[in-house]
Every structure is written in structure tokens, then in C-alpha cells.
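These notes are about the structure you will find just below.
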Amino acid sequence: MTRRVAAYLVGPGAEATADAVGGKAAALNALTRAEFPVPRWFAVRPEAFRASLPPEAAAALDRAGDWGAARAALGAVAMPQRLLDEIETWLMRLGGADRVAVRSSAIDEDSSGHSFAGQLESFLYVPRESVPARIVDVWRSAFTERVLAYRREHRLAAAPRAPGVLVQAMIDADASGVAFSADPVSGARAVRVVSAVFGLGTALVSGEADADTWRIGRDGAIRERAIATKRIEHRIDAAAPAGVSAHEVDADRAAAPAIADDLAEAVARLAARAEHHFGRPQDIEWAVRGAKVYLLQSRPITTLAALADPEGERIIWDNSNIVESYGGITSPFTYSFARRAYEEVYRGFCRLMGVPSWRIESNRRTFRNMLGLIRGRVYYNLNSWYRTLALLPGYRTNRRFMEQMMGVRESIPEALADSLAASVGGASRLAQAGDALLLARTVAGLVYNHLTVGRRIRAFHARLERVLAEPPAPLADMRIDELVAHYRDLERRLLTRWDAPLVNDFFAMIFYGVLRRLTQKWCGDADGTLQNNLLCGEGGMVSAEPARLVREMAETAAEEPELARFLAEAPADELVRGLARFPAFRVRFDAYVARFGDRCLEELKLESPSLHEDPTTLLRSVASYARRGLGGERASAIERRMRAMAEEEVGARLQDAPLRRVVFRWVLANARARVRDRENLRFERTRVFGRVRAIALELGRRLAALDRLEAPRDVFFLEVEELLGFVEGTVAAVDLAALARVRKDEFARFAALPPPADRFETTGAVYQGNAFAAAYAPPAAGGDALRGTGACPGVVRARVRVVHDPRSAALEHGEILVARYTDPGWIVLFPSCAGLLVERGSLLSHSAIVAREMAIPAIVGLAGVTHWLATGDLVEMDGATGVVRKLGAVAEAAS
């Protein structure tokens, strides 16, 4: 039986795959079979090159396997008669074409990642008798230093291999050019770009000629038309010999369009059709002869992977105050938990405020997208926050208050703010007038919730205590399904019923904002000092307790030098065990951990070790304070004095305005109560998060024991529903260990990348082509002074200590603490600092509130301060005006 020998040449059909004939020919094959207007063609397999080598040249190439051997082999190329016969046969099948184009079609050419544009040779208007020679020339072009450098640059396999070669009937074009089914420069996916010149498009493709350009929308409408002054090429002689140009250039130039608008629209449709066929945006070359448009080749647009779509949805991201809760890389478990919590509680909040259920449901996407995760870091999606606020009355006023509360440095553009409000049916006076019943209902909800907020908070505290006291057994004794059931119970009874904190936060925002306006307008408080002093010393604020208790533990340790030495020097794994030698201190320590064991560094990041797991930072801080001493006036006395002076100033300012005095006192009382309760309710949130952390860790231990996870803490690389669904039978992927590994690798890459800007914009698909770079440049930190927002008054002149990680900080008594942001876990450092400078935050952020309560002069919102200052710099800070001045010499500190 005679073995069938494969042909060296193929035409349209199943055999013309990318592996067989290269990317360009394979694309034309697909288009031909889909009945696109493609000129006739055939392709030469790469194996034809091998068949054209003498045996000794082929053997040398095999032995060397390098580019030098490939170039040497090219000198011995001689096509076998069988190959020449096949070429002649296929040329006849091209019909009446007297000239052809001979182009490369390498295996990885015109791929989605690499176009090889301009790397390999192409020949146009080749007469039939010259086709074999031009095929050899294309082979030669694949082994140049230029192509080798391209392959190295793009990390492609450098093994020498001849390309496939495409032979196509030549179209004697009236006009030709390129077209893109998406804009390759701007990245706009809904814009088709058509470029055209007279005659051949070779000069356009090579960049030698200007072209007419049309930008056409996906609806077919021409958005933009730019007509260039072009050269006109005329055909000379169809029988011109190989190597001689078949065109000449007129001396005059043409300013008329190369094609009419209707032909440009037809080319745009052709490009769009090619995109739909291949399933990705295409870069096509085309030609027009008479009224017919031909498609010469099509390849993927390779630039779009790095471009966002500028016409996609514009979203503004900001990490503002949320960086205090979720600073740096945040685990998938924490993010998925927080995202769900924000979604549910704000839906519930709007319901409580009287927003109709149908309007809440129609904005489901808004609530689902309150937060985003960008390179492993949590951000506010400001669009969703403004939309949520627009569901309530008073949008234009309240959005300013919200920005103050969130610490947003710059308002979003007015046009965007209005469009976001309109998208949910809010803000418009006309809409409000036409929907008066709904407006009245929402206003009534606001009034009712204000009148009942105190009662609601007390009921919330009672419910929380009941839920946290009711686990059916210690977590370590529960079955794995019981642990999941306990989590679901927490979710049902607390996480989705976070009504009191949300209502209180809303009214804290309102009354704080109104108080700020009244102190400015009625009392001349331009810099906010009076307002801050009025709010300090309220008492009953749980956030100040840890600092007081740390100070008391330090006083106990200071009385026993051996205890202070042990706390400072003992190995971390011996600290807790060794406290048995110091019973008086152990009592204080146990009471602290029982009360504040979940108030750790980055306490809302569930992957953070709590004080129950690792109290090292707490005990080292106590040792440091005990050894240094904590002299100075108690904060409570300073607070009371500041508050009394502020009240006297208000009384003097309003003594002749009794009605204003009554209004002011009512607003002040509500602002004080709501700010105090806000901070206390945040501590209750910490306790709930602590229970969730404990459940997650116990589930991690169980799964690791079952070999479903490699380590217990890998649980934090799963999302909440992935973890719970594994037990409940609702997940699609059950290889949790593999999933956690993938996430760990990806988050390690996030940690190695530069962090995104604090505020930036994205358009279109968030994770596609967006650089996450600052769209709003903050004021540059430079010169001798920097201004932020005064959070607690007081002038301090001292040296600074810039702290990035409080775990390893050694703050000397009387130094000014400088940080990018703080969270409640930083409070162990507060008792020994003379002042506080924070890069992020607002007047309602944790650092500002606790600083006021502890009477520590503080400034927040100091853009770039952690880069502007270095540890040891001498500065003067004014917590009233928000100004920090860098002093020039140490002597000035003593003056």
C-alpha cells in the first residue's frame, strides 16, 4: 500500500490551521469559509522549506539548531520539482490574477499577543514566474537579527523555524487602508476607526503616508472625519517585472477623500463583522475596487489589553477613612465579609429611613458595590455612596457632610454628582415635586428615627449581648456544621440588622456638619478650633479606656522593676505564661484582654491576630511606658478645661441671641451624643468581628485537619461563601487548598506591586487597562510648612517619630507621633505622645475622636506628611489651625 504524502500547499479548508500554515493564513481561511469578501489565496506549509534543503544542509541545521545554521542553510535552498508543480497548479486556481501578493504567515504571527507587524517581508504585484523566488525571500526574512531581537523582546521561542507563506490574488485597488473594530489608541471599544488612502495601502501601513480617518460609532454614525492631503498612486504596467514598482506617485497632492462616507461605513461594518466572527477586536487591511470592498487580512488588535475603555462607566475610588479599618493588603475573606456587610446594612438603613422597597430593589447594584478591592486593597466606590445618599432628602447639603465624615479630600465633579443622583431618581427638584408622597414618607422616616435613635441603640446593645452570649457550646467543641450554623445566626441576628449604628452614623454626620456651620457662621470659628473643643471631654467613650488601662498597667509595672524588665525582654512565647509570677499585674492584664482582646492592630481585618492570640505588642508597650515614666497632667483635666472655655466663648458670642442660643445648644447636645455613640458602637462592631474571626479560625483548623487546607490560616484566602458553602454544599469549586494557593500567589504579587493611589478613577471594566493612578493630585508636601485639618487644639514643639508599624515602634515620651493612618490598635502608643500628625482621616475618624477625648493636640488630613518628615525632625504643630512647621535648628526647640 502506497503511503500518501501530504501536500506542501493548502487552500481554504479544514487543513489550513494556524499550526499548519501560520496565523495570517489561518485567519484568512476562517474568513473565507465564513464567506467574507477575501481574494483567492493559497498557503505554503513551513515543511516546504525543509523539503527545499539538500540533505547535508538539513542535517547541519538539525545538529546546530541555531539561527546561524538556519541562515547558512538558506544559501542552499532549491525547491524540488514537486513543490514547483504544486505552486503552478495553485496559481492557476487563483483565476485570472496576473499578479499576486506574497506574504509571511508565521506560526505565532498575527496572534492575540504578538502581531509581528513589519518584522517579516511582504511582496506585492509579484508576477507568476517570480512567486517561487519571493517565497524563498520570505523564508529568509524570518531568520534576520531583527526577527530574533523581536522574539527575545517578547519572550517567544527562539528556535529557528521557517514561516508559512501566503500567496493571494492581487487587488488593483482604487483605495485601500486599514480599519480597527475598536480604537487602538484610546481603547474605546464602541468606536470603529477607518483609515484610507488612494491606491495601495502599503505606504499607510508602513507609516510613510498620511490617510483620511473616520471614527464611526457602533450605531453606524460618523463621529469624526479627518481628511488628509494624500499622494495619489497610479498603476503603470501589469506586466512590470518583479522588483519594479507597479505604481508611481503624482506630483500633485489630493485633498479629496479617498473614499465616500458610505464606503467608510461599509468598511467599519466589515471590521465589526470580523470582530464578531473571531470573538475579539480586529485590525483589518482592506481594499476597494469599483464598488466592492475586499478584506485582505485580519488580526487581533494587540494594544487593547493595556487600555481601559474611556467610554465605559466612570467610577471614582477613594480609600479615605476606610484605610483606618482596612489598611494595606486585605484578605479575600475579610473583603467578602465586609462587602456583604456594607451591602446589607445600607439596604436596611434606607428601608429604616422610609425609602420604598421597590426603589431599594431597583438599586441593588448600588448597594452591592459600596466597596471594591483593588490590588488587594479596599476602596470606597464613591459612585455608589453618592447614589445611596441621593435616595434620601437633602442630597446637595448632605453630600458635603458625608464627604467630611468620610474624609474625602475633594468633592466629585458637580456634573457627575448630579448624574449619579439622577440615576437613582433623586436630587432633582422636579422629581421631588412630582413624587411628593415618597418624599414625605422619607422625611417622616428621618424624623421618627431621630426621635427613637437612643432607644434603638439601647435595644441594639441588648440584642448584641444576647447573641454573643449564646453559642451552644465552646467553638472548639462544635461540629463543623454547627460552626457554620452559628455564623449564619450571627449574620441573621446582627450583621443584617445593623440598624442602630447606621442610623446613629447618619445623624452624627448631619449634626456634626450643622454644628460646624453654626460655629463658623454664628461664632466666627474659621479654623474649627471651637467646634473641636466643644466636642472633647464628653466622657463615656469606650475608645479612651484602653489608653487609661494601659497607663494603669504601666504604673503597676513601674513599681516592680523585675516585672518591667520581664515585659521588655522575655521571649514572646514566654510572656503570658510568665505573668503568673506577677499576680497583681496579671489581674489587670486579664481584665484588659477580656474587655479589649479583639481591639488589636488592624482589628477589622479578620486575618489580624487578636490580643487573645498574641498580646506581645500590648505588653511591650506597657514595659516601654513603665521604664520611661508617664508624667504630665491627666487628659481628663485638660479636656474639661478646654470644653469649659469653649462653652464660655459660645455663651459670650450668643448672649444677645436667645433663639440662636437654644438652637445651638440643641445641635451641640445631639452632635456630642451621636459622636460619642458612634465611637462606642464601633467598638461593638469590633466585638462582632472578633467572634467572626474566631469562627473562621476554628473552621480553618478543622479543614486543615481534614487536609482540605494546607494551614489553618489559609482560610482567610477563601471568600466567606466559599468557606461556608463547602459545608453547606453550595459551591462549585471544592478544592479549597488549590483555591487558597492561587489566591496566596496573587496577593503576594499585589504586595510586591506599588500600591494604587489613595484616589483614582477607572473607566469600563475596572481590572482591565486601568492604571489606578491618581486622577486628583494632592498638594505636594514641601517647604517649611504643611496644612491639614486641626482635630484637637494645642501647640507642641518637639521631635517627631514616623511610625509605619506600631508593632515595632519605640515612641519616646514627649515625641510627636506621625503616621499615615491609625486604627484603634494604635491607642497603646497614644499615652506617651505629645501630639499626633496623621496623613489620612477626617474630624470624625478614630484618631481625631480619640485625640480629642484624650486631649492630645492632633492634626489629620496632612497629605504626604510621612514623606515630608523623618524621625528626629523638629517641628511645631498647632492643632487648632492645622499647621505644622518644620523648624530649622534644635536650638529653636528650647527657645
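Chains: A, B, ... in order of the C-alpha cells. Residues: from 1 per chain. Ligands: from 1, in order shown.
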Mind checking DSSP for segment 638-787 of chain A and telling me the alpha helix (DSSP H) residues as a PDB file with C-alpha atoms, in the first residue's frame?
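The new file out37.pdb reads:
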ATOM      1  CA  ILE A 638      -7.197  69.092  80.211  1.00  0.00           C
ATOM      2  CA  GLU A 639     -10.367  68.010  78.391  1.00  0.00           C
ATOM      3  CA  ARG A 640     -12.655  69.553  80.996  1.00  0.00           C
ATOM      4  CA  ARG A 641     -10.777  72.852  80.894  1.00  0.00           C
ATOM      5  CA  MET A 642     -10.865  73.046  77.088  1.00  0.00           C
ATOM      6  CA  ARG A 643     -14.567  72.234  76.973  1.00  0.00           C
ATOM      7  CA  ALA A 644     -15.490  74.787  79.662  1.00  0.00           C
ATOM      8  CA  MET A 645     -13.571  77.551  77.870  1.00  0.00           C
ATOM      9  CA  ALA A 646     -15.292  76.705  74.579  1.00  0.00           C
ATOM     10  CA  GLU A 647     -18.737  76.819  76.196  1.00  0.00           C
ATOM     11  CA  GLU A 648     -17.940  80.210  77.741  1.00  0.00           C
ATOM     12  CA  GLU A 649     -16.916  81.550  74.320  1.00  0.00           C
ATOM     13  CA  VAL A 650     -20.187  80.374  72.743  1.00  0.00           C
ATOM     14  CA  GLY A 651     -22.166  81.919  75.591  1.00  0.00           C
ATOM     15  CA  ALA A 652     -20.443  85.246  75.049  1.00  0.00           C
ATOM     16  CA  ARG A 653     -20.943  85.137  71.275  1.00  0.00           C
ATOM     17  CA  PRO A 658     -31.518  83.770  72.789  1.00  0.00           C
ATOM     18  CA  LEU A 659     -33.169  81.866  69.920  1.00  0.00           C
ATOM     19  CA  ARG A 660     -29.820  81.083  68.344  1.00  0.00           C
ATOM     20  CA  ARG A 661     -28.555  80.010  71.758  1.00  0.00           C
ATOM     21  CA  VAL A 662     -31.387  77.494  72.107  1.00  0.00           C
ATOM     22  CA  VAL A 663     -30.855  76.123  68.600  1.00  0.00           C
ATOM     23  CA  PHE A 664     -27.100  75.928  69.120  1.00  0.00           C
ATOM     24  CA  ARG A 665     -27.432  74.025  72.404  1.00  0.00           C
ATOM     25  CA  TRP A 666     -29.832  71.535  70.807  1.00  0.00           C
ATOM     26  CA  VAL A 667     -27.495  70.914  67.876  1.00  0.00           C
ATOM     27  CA  LEU A 668     -24.469  70.651  70.188  1.00  0.00           C
ATOM     28  CA  ALA A 669     -26.172  68.164  72.504  1.00  0.00           C
ATOM     29  CA  ASN A 670     -27.135  65.961  69.581  1.00  0.00           C
ATOM     30  CA  ALA A 671     -23.680  66.205  67.976  1.00  0.00           C
ATOM     31  CA  ARG A 672     -21.996  65.208  71.242  1.00  0.00           C
ATOM     32  CA  ALA A 673     -24.334  62.272  71.806  1.00  0.00           C
ATOM     33  CA  ARG A 674     -24.140  60.992  68.266  1.00  0.00           C
ATOM     34  CA  VAL A 675     -20.320  61.260  68.021  1.00  0.00           C
ATOM     35  CA  ARG A 676     -19.928  59.513  71.397  1.00  0.00           C
ATOM     36  CA  ASP A 677     -22.331  56.746  70.444  1.00  0.00           C
ATOM     37  CA  ARG A 678     -20.701  56.396  67.052  1.00  0.00           C
ATOM     38  CA  GLU A 679     -17.350  55.597  68.621  1.00  0.00           C
ATOM     39  CA  ASN A 680     -18.914  53.239  71.174  1.00  0.00           C
ATOM     40  CA  LEU A 681     -20.892  51.393  68.501  1.00  0.00           C
ATOM     41  CA  ARG A 682     -17.685  50.941  66.524  1.00  0.00           C
ATOM     42  CA  PHE A 683     -16.354  49.006  69.498  1.00  0.00           C
ATOM     43  CA  GLU A 684     -19.407  46.738  69.357  1.00  0.00           C
ATOM     44  CA  ARG A 685     -18.564  46.143  65.717  1.00  0.00           C
ATOM     45  CA  THR A 686     -15.087  45.116  66.851  1.00  0.00           C
ATOM     46  CA  ARG A 687     -16.589  42.537  69.197  1.00  0.00           C
ATOM     47  CA  VAL A 688     -18.774  41.040  66.463  1.00  0.00           C
ATOM     48  CA  PHE A 689     -15.817  40.911  64.086  1.00  0.00           C
ATOM     49  CA  GLY A 690     -13.860  39.183  66.836  1.00  0.00           C
ATOM     50  CA  ARG A 691     -16.453  36.433  67.026  1.00  0.00           C
ATOM     51  CA  VAL A 692     -16.433  36.029  63.236  1.00  0.00           C
ATOM     52  CA  ARG A 693     -12.614  35.824  63.339  1.00  0.00           C
ATOM     53  CA  ALA A 694     -12.798  33.084  65.960  1.00  0.00           C
ATOM     54  CA  ILE A 695     -15.333  31.078  63.928  1.00  0.00           C
ATOM     55  CA  ALA A 696     -13.227  31.414  60.765  1.00  0.00           C
ATOM     56  CA  LEU A 697     -10.062  30.280  62.551  1.00  0.00           C
ATOM     57  CA  GLU A 698     -11.834  27.283  64.060  1.00  0.00           C
ATOM     58  CA  LEU A 699     -13.162  26.326  60.625  1.00  0.00           C
ATOM     59  CA  GLY A 700      -9.622  26.721  59.285  1.00  0.00           C
ATOM     60  CA  ARG A 701      -8.292  24.326  61.920  1.00  0.00           C
ATOM     61  CA  ARG A 702     -10.934  21.739  61.071  1.00  0.00           C
ATOM     62  CA  LEU A 703     -10.293  21.950  57.345  1.00  0.00           C
ATOM     63  CA  ALA A 704      -6.535  21.761  57.811  1.00  0.00           C
ATOM     64  CA  ALA A 705      -7.020  18.661  59.982  1.00  0.00           C
ATOM     65  CA  VAL A 720     -16.931  33.771  53.062  1.00  0.00           C
ATOM     66  CA  GLU A 721     -19.417  31.936  50.854  1.00  0.00           C
ATOM     67  CA  GLU A 722     -16.700  29.618  49.545  1.00  0.00           C
ATOM     68  CA  LEU A 723     -15.908  28.582  53.104  1.00  0.00           C
ATOM     69  CA  LEU A 724     -19.471  28.235  54.326  1.00  0.00           C
ATOM     70  CA  GLY A 725     -20.674  26.759  51.048  1.00  0.00           C
ATOM     71  CA  PHE A 726     -18.142  23.934  51.326  1.00  0.00           C
ATOM     72  CA  VAL A 727     -20.009  22.790  54.426  1.00  0.00           C
ATOM     73  CA  GLU A 728     -23.483  23.624  53.103  1.00  0.00           C
ATOM     74  CA  LEU A 736     -10.086  24.670  48.814  1.00  0.00           C
ATOM     75  CA  ALA A 737      -6.348  24.118  49.179  1.00  0.00           C
ATOM     76  CA  ALA A 738      -5.742  24.806  45.479  1.00  0.00           C
ATOM     77  CA  LEU A 739      -8.001  27.864  45.580  1.00  0.00           C
ATOM     78  CA  ALA A 740      -6.145  29.246  48.602  1.00  0.00           C
ATOM     79  CA  ARG A 741      -2.793  28.635  46.889  1.00  0.00           C
ATOM     80  CA  VAL A 742      -3.864  30.589  43.800  1.00  0.00           C
ATOM     81  CA  ARG A 743      -5.073  33.456  45.977  1.00  0.00           C
ATOM     82  CA  LYS A 744      -1.908  33.493  48.091  1.00  0.00           C
ATOM     83  CA  ASP A 745       0.224  33.733  44.968  1.00  0.00           C
ATOM     84  CA  GLU A 746      -1.900  36.529  43.530  1.00  0.00           C
ATOM     85  CA  PHE A 747      -1.956  38.513  46.774  1.00  0.00           C
ATOM     86  CA  ALA A 748       1.815  38.098  47.088  1.00  0.00           C
ATOM     87  CA  ARG A 749       2.074  39.737  43.647  1.00  0.00           C
ATOM     88  CA  PHE A 750      -0.239  42.531  44.822  1.00  0.00           C
ATOM     89  CA  ALA A 751       2.020  43.118  47.828  1.00  0.00           C
ATOM     90  CA  ALA A 752       5.063  43.404  45.544  1.00  0.00           C
TER      91      ALA A 752
END
Selection: 8 Å around Thr866 of chain A, only C-alpha atoms, excl. self and same-chain fewer than 6 positions, as a ChimeraX atom specification: /A:802,818-820,839
Keeping all heavy atoms for every residue in the selection just given, could you write it to a file as a PDB file, in the first residue's frame?
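See selection07.pdb below for the written result:
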ATOM      1  N   VAL A 802       8.268  58.996  62.997  1.00  0.00           N
ATOM      2  CA  VAL A 802       7.415  58.488  61.924  1.00  0.00           C
ATOM      3  C   VAL A 802       7.261  56.987  62.135  1.00  0.00           C
ATOM      4  O   VAL A 802       8.251  56.245  62.140  1.00  0.00           O
ATOM      5  CB  VAL A 802       8.007  58.794  60.536  1.00  0.00           C
ATOM      6  CG1 VAL A 802       7.099  58.249  59.442  1.00  0.00           C
ATOM      7  CG2 VAL A 802       8.207  60.298  60.369  1.00  0.00           C
ATOM      8  N   VAL A 818       3.861  60.486  64.158  1.00  0.00           N
ATOM      9  CA  VAL A 818       3.500  60.761  62.762  1.00  0.00           C
ATOM     10  C   VAL A 818       3.144  59.426  62.113  1.00  0.00           C
ATOM     11  O   VAL A 818       3.938  58.477  62.152  1.00  0.00           O
ATOM     12  CB  VAL A 818       4.651  61.443  61.998  1.00  0.00           C
ATOM     13  CG1 VAL A 818       4.240  61.723  60.550  1.00  0.00           C
ATOM     14  CG2 VAL A 818       5.068  62.729  62.689  1.00  0.00           C
ATOM     15  N   ALA A 819       1.963  59.331  61.498  1.00  0.00           N
ATOM     16  CA  ALA A 819       1.525  58.070  60.886  1.00  0.00           C
ATOM     17  C   ALA A 819       0.724  58.364  59.633  1.00  0.00           C
ATOM     18  O   ALA A 819       0.140  59.448  59.484  1.00  0.00           O
ATOM     19  CB  ALA A 819       0.677  57.263  61.858  1.00  0.00           C
ATOM     20  N   ARG A 820       0.718  57.389  58.750  1.00  0.00           N
ATOM     21  CA  ARG A 820      -0.111  57.544  57.550  1.00  0.00           C
ATOM     22  C   ARG A 820      -1.582  57.462  57.927  1.00  0.00           C
ATOM     23  O   ARG A 820      -2.409  58.194  57.420  1.00  0.00           O
ATOM     24  CB  ARG A 820       0.238  56.475  56.514  1.00  0.00           C
ATOM     25  CG  ARG A 820      -0.461  56.694  55.186  1.00  0.00           C
ATOM     26  CD  ARG A 820       0.148  55.857  54.080  1.00  0.00           C
ATOM     27  NE  ARG A 820      -0.477  56.184  52.819  1.00  0.00           N
ATOM     28  CZ  ARG A 820      -1.511  55.520  52.306  1.00  0.00           C
ATOM     29  NH1 ARG A 820      -2.005  54.473  52.952  1.00  0.00           N
ATOM     30  NH2 ARG A 820      -2.047  55.872  51.159  1.00  0.00           N
ATOM     31  N   GLU A 839      -1.611  61.423  58.199  1.00  0.00           N
ATOM     32  CA  GLU A 839      -1.710  61.751  56.777  1.00  0.00           C
ATOM     33  C   GLU A 839      -3.141  61.646  56.267  1.00  0.00           C
ATOM     34  O   GLU A 839      -3.577  62.430  55.437  1.00  0.00           O
ATOM     35  CB  GLU A 839      -0.808  60.802  55.988  1.00  0.00           C
ATOM     36  CG  GLU A 839      -0.585  61.209  54.556  1.00  0.00           C
ATOM     37  CD  GLU A 839       0.585  60.460  53.944  1.00  0.00           C
ATOM     38  OE1 GLU A 839       1.701  60.577  54.469  1.00  0.00           O
ATOM     39  OE2 GLU A 839       0.366  59.763  52.944  1.00  0.00           O
TER      40      GLU A 839
END
Selected residue, from A:Gly861, A:Gly790, A:Gly783, A:Pro332, that lies nearest to Phe716 of chain A when counting only C-alpha atoms: A:Pro332
Nearest to Gly372 of chain A, chosen from A:Ile816, A:Leu534, A:Ile322, A:Cys600, with only C-alpha atoms counted in the distances: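 Nearest to Gly372 of chain A: A:Ile322.
Using only C-alpha atoms for every distance, the candidate list A:Ala338, A:Ala106, A:Leu84, A:Ala287 yields A:Leu84 as the residue closest to Arg128 of chain A.
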